[in-house]
Each structure stands twice: as structure tokens, then as C-alpha cells.
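Undergrad: File my_file22.cif below, mmCIF, C-alpha atoms and all ligand atoms:
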data_coords
loop_
_atom_site.label_atom_id
_atom_site.label_comp_id
_atom_site.auth_asym_id
_atom_site.auth_seq_id
_atom_site.Cartn_x
_atom_site.Cartn_y
_atom_site.Cartn_z
CA MET A 139 31.11 9.37 -20.70
CA MET A 140 28.50 10.31 -23.32
CA GLN A 141 25.51 12.25 -21.96
CA GLY A 142 22.00 11.49 -23.12
CA PRO A 143 19.87 14.28 -24.64
CA ASN A 144 17.74 14.57 -21.45
CA GLU A 145 20.65 14.36 -19.00
CA HIS A 146 20.33 17.97 -17.75
CA ARG A 147 16.73 18.73 -18.65
CA THR A 148 14.72 19.64 -15.58
CA MET A 149 11.00 19.98 -15.00
CA THR A 150 8.87 22.27 -12.89
CA LEU A 151 5.63 20.76 -11.64
CA LYS A 152 2.70 22.15 -9.73
CA LEU A 153 1.84 20.06 -6.67
CA ILE A 154 -1.51 20.32 -4.94
CA VAL A 155 -0.89 18.61 -1.62
CA TRP A 156 -3.13 17.71 1.32
CA ARG A 157 -1.83 19.45 4.46
CA GLN A 158 -3.21 18.63 7.89
CA LYS A 159 -1.51 19.59 11.16
CA GLY A 160 -2.79 16.59 13.12
CA PRO A 161 -5.56 14.04 13.56
CA ASP A 162 -7.89 16.58 15.20
CA HIS A 163 -7.30 19.38 12.71
CA SER A 164 -9.17 19.91 9.50
CA GLY A 165 -7.01 19.66 6.39
CA ARG A 166 -6.81 21.60 3.14
CA PHE A 167 -5.01 21.47 -0.20
CA GLU A 168 -1.98 23.73 -0.62
CA THR A 169 -0.07 24.46 -3.81
CA TYR A 170 3.69 24.15 -4.22
CA LEU A 171 6.14 24.23 -7.10
CA ALA A 172 8.53 21.30 -7.49
CA ARG A 173 11.54 22.81 -9.27
CA ASN A 174 14.69 21.24 -10.75
CA ILE A 175 13.13 17.78 -11.04
CA THR A 176 14.68 15.34 -13.52
CA GLU A 177 13.18 12.22 -15.04
CA HIS A 178 15.59 10.21 -12.87
CA HIS A 179 14.08 11.38 -9.57
CA SER A 180 11.70 9.01 -7.88
CA PHE A 181 8.40 10.46 -6.71
CA LEU A 182 9.60 10.48 -3.08
CA GLU A 183 12.90 12.09 -4.09
CA MET A 184 10.86 14.78 -5.82
CA LEU A 185 9.04 15.38 -2.50
CA ASP A 186 12.44 15.45 -0.73
CA VAL A 187 13.51 18.27 -3.09
CA VAL A 188 10.28 20.18 -2.37
CA ASN A 189 10.78 19.68 1.38
CA GLU A 190 14.36 20.97 1.21
CA ASP A 191 13.02 24.13 -0.47
CA LEU A 192 10.29 24.46 2.21
CA ILE A 193 12.82 24.05 5.03
CA ARG A 194 15.11 26.68 3.43
CA GLU A 195 12.12 29.05 3.35
CA GLY A 196 11.43 28.37 7.05
CA LYS A 197 8.20 26.49 6.28
CA GLU A 198 6.93 23.16 7.59
CA PRO A 199 7.98 20.26 5.30
CA ILE A 200 5.33 17.88 3.97
CA ALA A 201 5.04 14.80 6.23
CA PHE A 202 4.90 11.51 4.32
CA ASP A 203 5.58 7.88 5.16
CA HIS A 204 8.39 5.83 3.64
CA ASP A 205 10.92 3.23 4.67
CA CYS A 206 12.52 0.79 2.21
CA ARG A 207 11.98 2.86 -0.98
CA GLU A 208 12.32 -0.52 -2.75
CA GLY A 209 8.67 -1.50 -3.04
CA ILE A 210 8.79 -4.14 -0.33
CA CYS A 211 7.77 -2.62 3.02
CA GLY A 212 4.34 -1.19 2.12
CA THR A 213 4.92 2.02 4.07
CA CYS A 214 4.59 4.64 1.33
CA SER A 215 0.91 5.54 1.14
CA GLN A 216 -0.13 8.36 -1.16
CA VAL A 217 -3.02 8.84 -3.53
CA ILE A 218 -1.58 10.48 -6.65
CA ASN A 219 -4.01 12.12 -9.06
CA GLY A 220 -6.84 10.15 -7.46
CA ILE A 221 -5.19 6.70 -7.64
CA PRO A 222 -3.48 4.96 -4.70
CA HIS A 223 0.24 4.60 -5.61
CA GLY A 224 -0.32 6.62 -8.81
CA GLY A 225 -1.70 4.01 -11.20
CA GLN A 226 1.45 2.46 -12.73
CA LEU A 227 1.15 -1.33 -12.91
CA ARG A 228 2.76 -3.16 -9.94
CA THR A 229 4.38 0.06 -8.73
CA THR A 230 4.47 1.52 -5.22
CA VAL A 231 4.83 5.29 -4.69
CA CYS A 232 8.51 4.82 -3.83
CA GLN A 233 9.11 3.00 -7.13
CA LEU A 234 7.21 5.55 -9.21
CA HIS A 235 9.62 7.69 -11.23
CA MET A 236 9.29 11.20 -12.55
CA ARG A 237 9.80 10.03 -16.15
CA HIS A 238 6.05 9.35 -16.08
CA PHE A 239 5.37 13.09 -15.71
CA ARG A 240 5.92 16.05 -18.00
CA ASP A 241 7.21 19.58 -17.40
CA GLY A 242 4.30 21.78 -16.29
CA ASP A 243 2.10 18.91 -15.06
CA THR A 244 -0.19 19.44 -12.08
CA ILE A 245 -0.14 16.59 -9.55
CA TYR A 246 -2.67 16.10 -6.74
CA ILE A 247 -1.26 14.26 -3.71
CA GLU A 248 -3.47 13.00 -0.86
CA PRO A 249 -3.23 10.46 1.97
CA TRP A 250 -5.17 7.17 2.05
CA ARG A 251 -8.77 7.99 2.94
CA ALA A 252 -10.56 5.39 5.08
CA ARG A 253 -12.18 5.49 8.51
CA ALA A 254 -9.92 2.68 9.73
CA PHE A 255 -6.78 4.60 8.59
CA PRO A 256 -7.06 7.96 10.39
CA ILE A 257 -4.81 10.74 9.11
CA LEU A 258 -1.98 11.55 11.54
CA LYS A 259 -0.45 14.44 9.63
CA ASP A 260 -0.40 15.59 5.98
CA LEU A 261 0.12 12.37 3.96
CA LEU A 262 0.73 10.13 6.99
CA VAL A 263 -2.00 7.73 8.06
CA ASP A 264 -2.24 5.30 10.96
CA ARG A 265 -2.32 1.80 9.42
CA SER A 266 -2.09 -0.06 12.74
CA ALA A 267 -5.54 -1.53 12.01
CA PHE A 268 -3.73 -3.97 9.68
CA ASP A 269 -1.46 -4.97 12.57
CA ARG A 270 -4.54 -5.67 14.71
CA ILE A 271 -5.94 -7.96 11.99
CA ILE A 272 -2.65 -9.91 11.85
CA GLN A 273 -2.39 -10.02 15.65
CA ALA A 274 -5.87 -11.62 15.75
CA GLY A 275 -4.47 -14.80 14.14
CA GLY A 276 -2.56 -14.08 10.95
CA TYR A 277 0.28 -16.38 11.94
CA ILE A 278 0.94 -20.04 12.73
CA SER A 279 1.66 -21.23 16.25
CA ALA A 280 2.64 -24.80 15.28
CA GLU A 281 6.29 -25.74 15.88
CA THR A 282 7.82 -25.83 12.39
CA GLY A 283 11.41 -26.71 13.35
CA ALA A 284 14.51 -25.18 11.82
CA ALA A 285 14.94 -24.09 8.20
CA PRO A 286 16.05 -27.53 6.87
CA ASP A 287 12.86 -29.07 8.33
CA GLY A 288 10.87 -27.01 5.86
CA ASN A 289 11.95 -29.40 3.12
CA SER A 290 10.71 -32.47 5.01
CA ILE A 291 7.07 -31.62 4.26
CA LEU A 292 6.50 -31.95 0.54
CA ILE A 293 4.36 -29.23 -1.00
CA SER A 294 3.24 -29.28 -4.62
CA LYS A 295 4.55 -26.60 -6.96
CA GLU A 296 0.96 -25.52 -7.56
CA ASP A 297 0.31 -24.94 -3.84
CA ALA A 298 3.68 -23.27 -3.31
CA ASP A 299 3.06 -20.87 -6.20
CA TYR A 300 -0.46 -20.10 -4.97
CA ALA A 301 0.78 -19.39 -1.44
CA MET A 302 3.65 -17.23 -2.73
CA ASP A 303 1.25 -15.20 -4.91
CA ALA A 304 -0.82 -14.41 -1.80
CA ALA A 305 2.24 -13.81 0.38
CA GLU A 306 3.37 -11.07 -2.00
CA CYS A 307 1.02 -8.67 -0.18
CA ILE A 308 3.12 -5.96 1.50
CA GLY A 309 0.30 -4.61 3.70
CA CYS A 310 0.35 -1.17 2.12
CA GLY A 311 -3.40 -0.52 2.36
CA ALA A 312 -3.91 0.70 -1.22
CA CYS A 313 -6.71 -1.86 -1.60
CA VAL A 314 -8.60 -0.18 1.25
CA ALA A 315 -7.93 3.31 -0.11
CA ALA A 316 -9.20 2.30 -3.56
CA CYS A 317 -12.35 0.53 -2.36
CA PRO A 318 -15.60 2.54 -2.19
CA ASN A 319 -16.47 0.50 0.94
CA SER A 320 -12.97 0.83 2.48
CA ALA A 321 -12.92 -2.96 2.61
CA ALA A 322 -9.79 -4.79 3.72
CA MET A 323 -10.84 -8.09 2.19
CA LEU A 324 -8.04 -8.30 -0.38
CA PHE A 325 -5.44 -7.86 2.37
CA THR A 326 -7.22 -10.25 4.77
CA GLY A 327 -7.96 -12.73 1.97
CA ALA A 328 -4.29 -12.79 0.96
CA LYS A 329 -3.23 -13.59 4.54
CA VAL A 330 -5.91 -16.25 5.06
CA ALA A 331 -5.26 -17.88 1.67
CA HIS A 332 -1.48 -17.92 1.97
CA LEU A 333 -1.59 -19.68 5.35
CA ALA A 334 -4.51 -22.00 4.51
CA ALA A 335 -2.75 -23.24 1.37
CA LEU A 336 0.20 -24.71 3.27
CA PRO A 337 0.11 -27.71 5.65
CA GLN A 338 1.72 -25.77 8.53
CA GLY A 339 -0.96 -23.07 8.34
CA ARG A 340 -3.86 -25.39 7.54
CA VAL A 341 -3.97 -26.65 11.16
CA GLU A 342 -5.37 -23.36 12.49
CA ALA A 343 -7.22 -22.29 9.32
CA ARG A 344 -10.71 -22.77 10.80
CA GLN A 345 -10.13 -20.54 13.86
CA ARG A 346 -7.94 -18.06 11.98
CA VAL A 347 -10.47 -16.99 9.35
CA GLY A 348 -13.16 -16.12 11.91
CA LYS A 349 -10.74 -14.16 14.08
CA LEU A 350 -9.37 -12.17 11.16
CA ILE A 351 -12.82 -11.32 9.82
CA GLU A 352 -13.98 -10.25 13.29
CA ALA A 353 -10.89 -8.04 13.72
CA MET A 354 -11.46 -6.57 10.24
CA HIS A 355 -14.96 -5.47 11.20
CA GLU A 356 -13.92 -4.23 14.66
CA CYS A 357 -11.32 -2.01 12.99
CA GLY A 358 -14.04 -0.36 10.91
CA PHE A 359 -13.33 -1.79 7.44
CA GLY A 360 -16.28 -2.36 5.10
CA ASN A 361 -17.28 -5.39 3.06
CA CYS A 362 -16.47 -6.31 -0.52
CA SER A 363 -19.20 -5.61 -3.06
CA ASN A 364 -17.21 -6.71 -6.13
CA HIS A 365 -15.93 -3.40 -7.49
CA TYR A 366 -12.41 -4.92 -7.95
CA GLU A 367 -10.79 -1.51 -7.44
CA CYS A 368 -8.54 -3.20 -4.84
CA GLN A 369 -6.91 -5.49 -7.38
CA ALA A 370 -6.48 -2.63 -9.86
CA ALA A 371 -4.71 -0.45 -7.26
CA CYS A 372 -2.62 -3.21 -5.66
CA PRO A 373 1.10 -2.70 -6.36
CA LYS A 374 1.64 -6.47 -6.04
CA SER A 375 -1.29 -7.46 -8.28
CA ILE A 376 -2.90 -9.51 -5.51
CA ASP A 377 -5.80 -11.28 -7.21
CA VAL A 378 -9.42 -10.97 -6.06
CA LYS A 379 -9.56 -14.78 -6.16
CA PHE A 380 -8.12 -14.53 -2.63
CA ILE A 381 -11.30 -12.74 -1.51
CA SER A 382 -13.26 -15.76 -2.84
CA ARG A 383 -10.89 -18.02 -0.86
CA LEU A 384 -11.51 -15.90 2.26
CA ASN A 385 -15.27 -16.38 1.83
CA ARG A 386 -14.89 -20.12 1.17
CA GLU A 387 -12.66 -20.59 4.22
CA TYR A 388 -15.22 -18.71 6.32
CA LEU A 389 -18.12 -20.86 5.09
CA LYS A 390 -16.09 -24.02 5.71
CA ALA A 391 -15.31 -22.83 9.25
CA ILE A 392 -19.01 -22.26 9.95
CA PHE A 393 -20.59 -25.30 8.28
CA LEU A 394 -18.01 -28.09 8.07
S1 LIG A 401 -3.52 -6.61 -1.09
FE1 LIG A 401 -2.19 -5.28 -2.35
S2 LIG A 401 -2.99 -3.22 -2.00
FE2 LIG A 401 -3.77 -4.50 -0.34
S3 LIG A 401 -2.32 -4.32 1.34
FE3 LIG A 401 -1.68 -6.11 0.13
S4 LIG A 401 -0.19 -5.31 -1.35
FE4 LIG A 401 -1.28 -3.50 -0.55
S1 LIG A 402 8.78 2.80 1.00
FE1 LIG A 402 8.70 0.62 1.21
S2 LIG A 402 7.24 0.00 -0.28
FE2 LIG A 402 7.47 2.15 -0.60
#
Could you spell out this file's structure in C-alpha cells?

TA:
Amino acid sequence: MMQGPNEHRTMTLKLIVWRQKGPDHSGRFETYLARNITEHHSFLEMLDVVNEDLIREGKEPIAFDHDCREGICGTCSQVINGIPHGGQLRTTVCQLHMRHFRDGDTIYIEPWRARAFPILKDLLVDRSAFDRIIQAGGYISAETGAAPDGNSILISKEDADYAMDAAECIGCGACVAACPNSAAMLFTGAKVAHLAALPQGRVEARQRVGKLIEAMHECGFGNCSNHYECQAACPKSIDVKFISRLNREYLKAIFL
């Protein structure tokens, strides 16, 4: 098989990584070299290579969160060079590839920073606050029958597309990490809008929106003040129009 010109070219990068032993310890940046990295490595694979080197040297590997590595679970949560998920359009950290970096680059890697997402260790944060918001009412309790019954309620293409756009949210928390107020309104708005747009979810829409907003505040998230950093950082391009929908649903629940 023919080999491309960059097939064996490797890069060495300088990583400046946030290290923190635990939630009650103070953290600091430490510098590492990532050696033998190719453009085909993903960002997390690059960290795997660095961790293998650290383990061989008898040092503590860098703790970071990941699961699917396919951009669908929302677990990977790193701020890369100051931008949650690294700043590539519609790209999670696990889908970011090293072809976007050059030999000799310096890369800063930090965890999400928000009061409601306390750091557990190094790049790992506790995102259970999002679970508490969903547990407050981000579901439907109406009996919806089996899968074929789904087709018995007709839903317009427009509504289905709108709901699917909101349901794309993977709960990663980048919107919170990007927001100067650590607001979770894009996440909460996406959940409220997706359920309120469909007849099965509409039934509980009035109670749901109040419960989710209350849980959001109890968890320590801030409020939206229209910076739109959330939408820019979101790896699923969730639109800020869902924050407007959240506000409209809340006003309807109060006044109508
Ligand atoms: S709205 Fe976007 S950034 Fe926020 S949790 Fe959902 S997918 Fe992540
Ligand atoms: S590891 Fe699942 S979205 Fe990144």
C-alpha cells in the first residue's frame, strides 16, 4: 500500500496541564512533553500516550473523563487553550484530532470551571448537577405505549425537526464552562424545548419548566445575560433560541 508523505511524521508538543490531587486540594499547572504524536491521534489518544510515559516513569497519570469517544455521551470535558472542547466547530474533545496542531505547539489543558461542577481530580469534574436538573422533571411520565404507538400521534415535520435539534444536546456542560455567569440555560432550555414541542411532553410542560429552573438555581448555576458563549462552545450547535423558549415557557407557566 502506498504511504502518504506524513505517514511517519511525528510531533512533539508541550502540554501545560491542570493537576489537582482532589476536591479539597489546591491545583497547579504542570508541564509535560507529548512525544511521538501523529496527526492521526485523537486528542484523548495523545493524552493516553502521555499517560503511558508518565506510568513508565512511575508518575501519576493525568486523570480525565471519557466514555464513548464518538462525540455522543458528553463525558469528555476539557478546556483546551481557553476554549471548552478546543474550539473546532461541532467537535467534542474526543473527536478533536491532532491534525489541528503543529509540531512544537504549546497546549493548555484545564477542567471545566464552574461552582456547580466541582473539580474531583485533575481534568475530572463532578457534573451530577445536570442529573439533578433532569431528575427534577426533565422527562415525561405519561404512558406512551410501545414503539409502534409513536406513529399513531401525528407530528409535523417542523415540530419533529425542532424537537430533534434540541434533543441533540449531549449534556457535556461546555455551555456552562464557556459562560461568564456559569449559566446552564442552554442545557436546560434544550431539555424544556425538546419536551414542550411534542404532544407527549406538552402535558407536563407547565410544571416541568418551573421545577427545572428551580433545580438549576439550587445547583448554583447563574443566569443568562446574552453573551452567547454557550452556543459558540456547544459541540452540538444547540441554538440560543432554546433559551428564549425556556423563558417563554416559564412566563406561560406563571401567567397563563
Ligand atoms: S447545550 Fe451544548 S454545550 Fe450545553 S450541555 Fe448540551 S451539548 Fe453540551
Ligand atoms: S467521550 Fe463521549 S462525547 Fe467525548

Undergrad: Using all atoms listed in the file, can you list as a VMD selection string the residues within 12 Å of (-12.1, 9.2, 3.8)?

TA: chain A and resid 165 217 248 to 257 263 314 to 320 359

Undergrad: Give me the residues near Tyr170 of chain A as a PDB file with C-alpha atoms, keeping the file's coordinate frame, where near means some atom within 8 Å (using all atoms listed in the file) and where sequence neighbours in that chain fewer than 3 positions away do not count.

TA:
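Final file, selection-v8.pdb:
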ATOM      1  CA  LYS A 152       2.700  22.150  -9.730  1.00  0.00           C
ATOM      2  CA  LEU A 153       1.840  20.060  -6.670  1.00  0.00           C
ATOM      3  CA  ILE A 154      -1.510  20.320  -4.940  1.00  0.00           C
ATOM      4  CA  VAL A 155      -0.890  18.610  -1.620  1.00  0.00           C
ATOM      5  CA  VAL A 188      10.280  20.180  -2.370  1.00  0.00           C
TER       6      VAL A 188
END

Undergrad: Kindly work out which residues sit at most 8 Å from ligand LIG 402 (chain A), using all atoms listed in the file, and give the list as a PDB file with C-alpha atoms, keeping the file's coordinate frame.

TA:
ATOM      1  CA  ASP A 203       5.580   7.880   5.160  1.00  0.00           C
ATOM      2  CA  HIS A 204       8.390   5.830   3.640  1.00  0.00           C
ATOM      3  CA  ASP A 205      10.920   3.230   4.670  1.00  0.00           C
ATOM      4  CA  CYS A 206      12.520   0.790   2.210  1.00  0.00           C
ATOM      5  CA  ARG A 207      11.980   2.860  -0.980  1.00  0.00           C
ATOM      6  CA  GLU A 208      12.320  -0.520  -2.750  1.00  0.00           C
ATOM      7  CA  GLY A 209       8.670  -1.500  -3.040  1.00  0.00           C
ATOM      8  CA  ILE A 210       8.790  -4.140  -0.330  1.00  0.00           C
ATOM      9  CA  CYS A 211       7.770  -2.620   3.020  1.00  0.00           C
ATOM     10  CA  GLY A 212       4.340  -1.190   2.120  1.00  0.00           C
ATOM     11  CA  THR A 213       4.920   2.020   4.070  1.00  0.00           C
ATOM     12  CA  CYS A 214       4.590   4.640   1.330  1.00  0.00           C
ATOM     13  CA  SER A 215       0.910   5.540   1.140  1.00  0.00           C
ATOM     14  CA  THR A 230       4.470   1.520  -5.220  1.00  0.00           C
ATOM     15  CA  VAL A 231       4.830   5.290  -4.690  1.00  0.00           C
ATOM     16  CA  CYS A 232       8.510   4.820  -3.830  1.00  0.00           C
ATOM     17  CA  GLN A 233       9.110   3.000  -7.130  1.00  0.00           C
ATOM     18  CA  ILE A 308       3.120  -5.960   1.500  1.00  0.00           C
ATOM     19  CA  CYS A 310       0.350  -1.170   2.120  1.00  0.00           C
TER      20      CYS A 310
END

Undergrad: Quick one: residues within 10 Å of ligand LIG 401 (chain A), with all atoms listed in the file, as a JSON list (two decimals) with C-alpha atoms, in the frame of the given file?

TA:
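Written output follows (result.json):
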[["chain", "number", "residue", "atom", "x", "y", "z"],
["A", 209, "GLY", "CA", 8.67, -1.50, -3.04],
["A", 210, "ILE", "CA", 8.79, -4.14, -0.33],
["A", 211, "CYS", "CA", 7.77, -2.62, 3.02],
["A", 212, "GLY", "CA", 4.34, -1.19, 2.12],
["A", 213, "THR", "CA", 4.92, 2.02, 4.07],
["A", 215, "SER", "CA", 0.91, 5.54, 1.14],
["A", 222, "PRO", "CA", -3.48, 4.96, -4.70],
["A", 223, "HIS", "CA", 0.24, 4.60, -5.61],
["A", 228, "ARG", "CA", 2.76, -3.16, -9.94],
["A", 230, "THR", "CA", 4.47, 1.52, -5.22],
["A", 268, "PHE", "CA", -3.73, -3.97, 9.68],
["A", 304, "ALA", "CA", -0.82, -14.41, -1.80],
["A", 305, "ALA", "CA", 2.24, -13.81, 0.38],
["A", 306, "GLU", "CA", 3.37, -11.07, -2.00],
["A", 307, "CYS", "CA", 1.02, -8.67, -0.18],
["A", 308, "ILE", "CA", 3.12, -5.96, 1.50],
["A", 309, "GLY", "CA", 0.30, -4.61, 3.70],
["A", 310, "CYS", "CA", 0.35, -1.17, 2.12],
["A", 311, "GLY", "CA", -3.40, -0.52, 2.36],
["A", 312, "ALA", "CA", -3.91, 0.70, -1.22],
["A", 313, "CYS", "CA", -6.71, -1.86, -1.60],
["A", 314, "VAL", "CA", -8.60, -0.18, 1.25],
["A", 315, "ALA", "CA", -7.93, 3.31, -0.11],
["A", 316, "ALA", "CA", -9.20, 2.30, -3.56],
["A", 321, "ALA", "CA", -12.92, -2.96, 2.61],
["A", 322, "ALA", "CA", -9.79, -4.79, 3.72],
["A", 323, "MET", "CA", -10.84, -8.09, 2.19],
["A", 324, "LEU", "CA", -8.04, -8.30, -0.38],
["A", 325, "PHE", "CA", -5.44, -7.86, 2.37],
["A", 326, "THR", "CA", -7.22, -10.25, 4.77],
["A", 327, "GLY", "CA", -7.96, -12.73, 1.97],
["A", 328, "ALA", "CA", -4.29, -12.79, 0.96],
["A", 329, "LYS", "CA", -3.23, -13.59, 4.54],
["A", 367, "GLU", "CA", -10.79, -1.51, -7.44],
["A", 368, "CYS", "CA", -8.54, -3.20, -4.84],
["A", 369, "GLN", "CA", -6.91, -5.49, -7.38],
["A", 370, "ALA", "CA", -6.48, -2.63, -9.86],
["A", 371, "ALA", "CA", -4.71, -0.45, -7.26],
["A", 372, "CYS", "CA", -2.62, -3.21, -5.66],
["A", 373, "PRO", "CA", 1.10, -2.70, -6.36],
["A", 374, "LYS", "CA", 1.64, -6.47, -6.04],
["A", 375, "SER", "CA", -1.29, -7.46, -8.28],
["A", 376, "ILE", "CA", -2.90, -9.51, -5.51],
["A", 377, "ASP", "CA", -5.80, -11.28, -7.21],
["A", 378, "VAL", "CA", -9.42, -10.97, -6.06],
["A", 380, "PHE", "CA", -8.12, -14.53, -2.63],
["A", 381, "ILE", "CA", -11.30, -12.74, -1.51]]

Undergrad: If you measure from atom CA of Cys357 of chain A to atom CA of Asp264 of chain A, what distance in Å do you get, rounded to one decimal?

TA: 11.8 Å

Undergrad: Edge lengths and centre in Å to one decimal, as JSON, is what I'm after for the box along x, y and z that holds all listed atoms of segment 292-296 of chain A once 4 Å is added on each side.

TA:
{"center_x": 3.7, "center_y": -28.7, "center_z": -3.5, "size_x": 13.5, "size_y": 14.4, "size_z": 16.1}

Undergrad: Would you compute the distance between atom CA of Asp269 of chain A and atom CA of Gln216 of chain A? Give it in Å to one decimal.

TA: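 Taking atom CA of Asp269 of chain A as the start and atom CA of Gln216 of chain A as the end point, the length is 19.2 Å.
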
Undergrad: Report the distance between atom CA of Gly242 of chain A and atom CA of Met149 of chain A in Å, rounded to one decimal place.

TA: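 Those two atoms sit 7.1 Å apart.
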
Undergrad: Point out the residue among A:Asp260, A:Glu183, A:Glu387, A:Asp299 with the least atom-to-atom distance to Arg166 of chain A, counting only C-alpha atoms.

TA: A:Asp260

Undergrad: Using all atoms listed in the file for the distances, tell me which of A:Ala335, A:Asp287, A:Tyr366, A:Gln273 is nearest to Asp303 of chain A.

TA: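 The answer is A:Ala335, which sits nearest to Asp303 of chain A.
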
Undergrad: Which residues are close to His235 of chain A, i.e. within 8 Å by only C-alpha atoms, leaving aside same-chain residues fewer than 4 positions away? Reply as a PyMOL selection string.

TA: chain A and resi 177-181

Undergrad: Between A:Glu168, A:Arg240, A:Arg270, A:Arg340, which is the closest to Gly358 of chain A once you count all atoms listed in the file?

TA: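 Among the listed residues, the smallest separation from Gly358 of chain A belongs to A:Arg270.
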
Undergrad: Give me, as a ChimeraX atom specification, all polymer residues having an atom no more than 8 Å from Leu336 of chain A, counting all atoms listed in the file and skipping those fewer than 2 positions away in the same chain.

TA: /A:293,297-298,301,332-334,338-340

Undergrad: Restricting the calculation to all atoms listed in the file, which member of A:Met302, A:Ala267, A:Leu182, A:Ile245 is positioned closest to Leu350 of chain A?

TA: A:Ala267

Undergrad: With all atoms listed in the file as the basis for distance, which of A:Pro161, A:Ala201, A:Gly224, A:Val341 is at the shortest distance from Glu281 of chain A?

TA: A:Val341

Undergrad: Looking at only C-alpha atoms, which of A:Gly275, A:Leu384, A:Tyr246, A:Gly283 is the one that sits closest to Leu171 of chain A?

TA: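 Going through A:Gly275, A:Leu384, A:Tyr246, A:Gly283 one by one, the smallest distance to Leu171 of chain A is for A:Tyr246.
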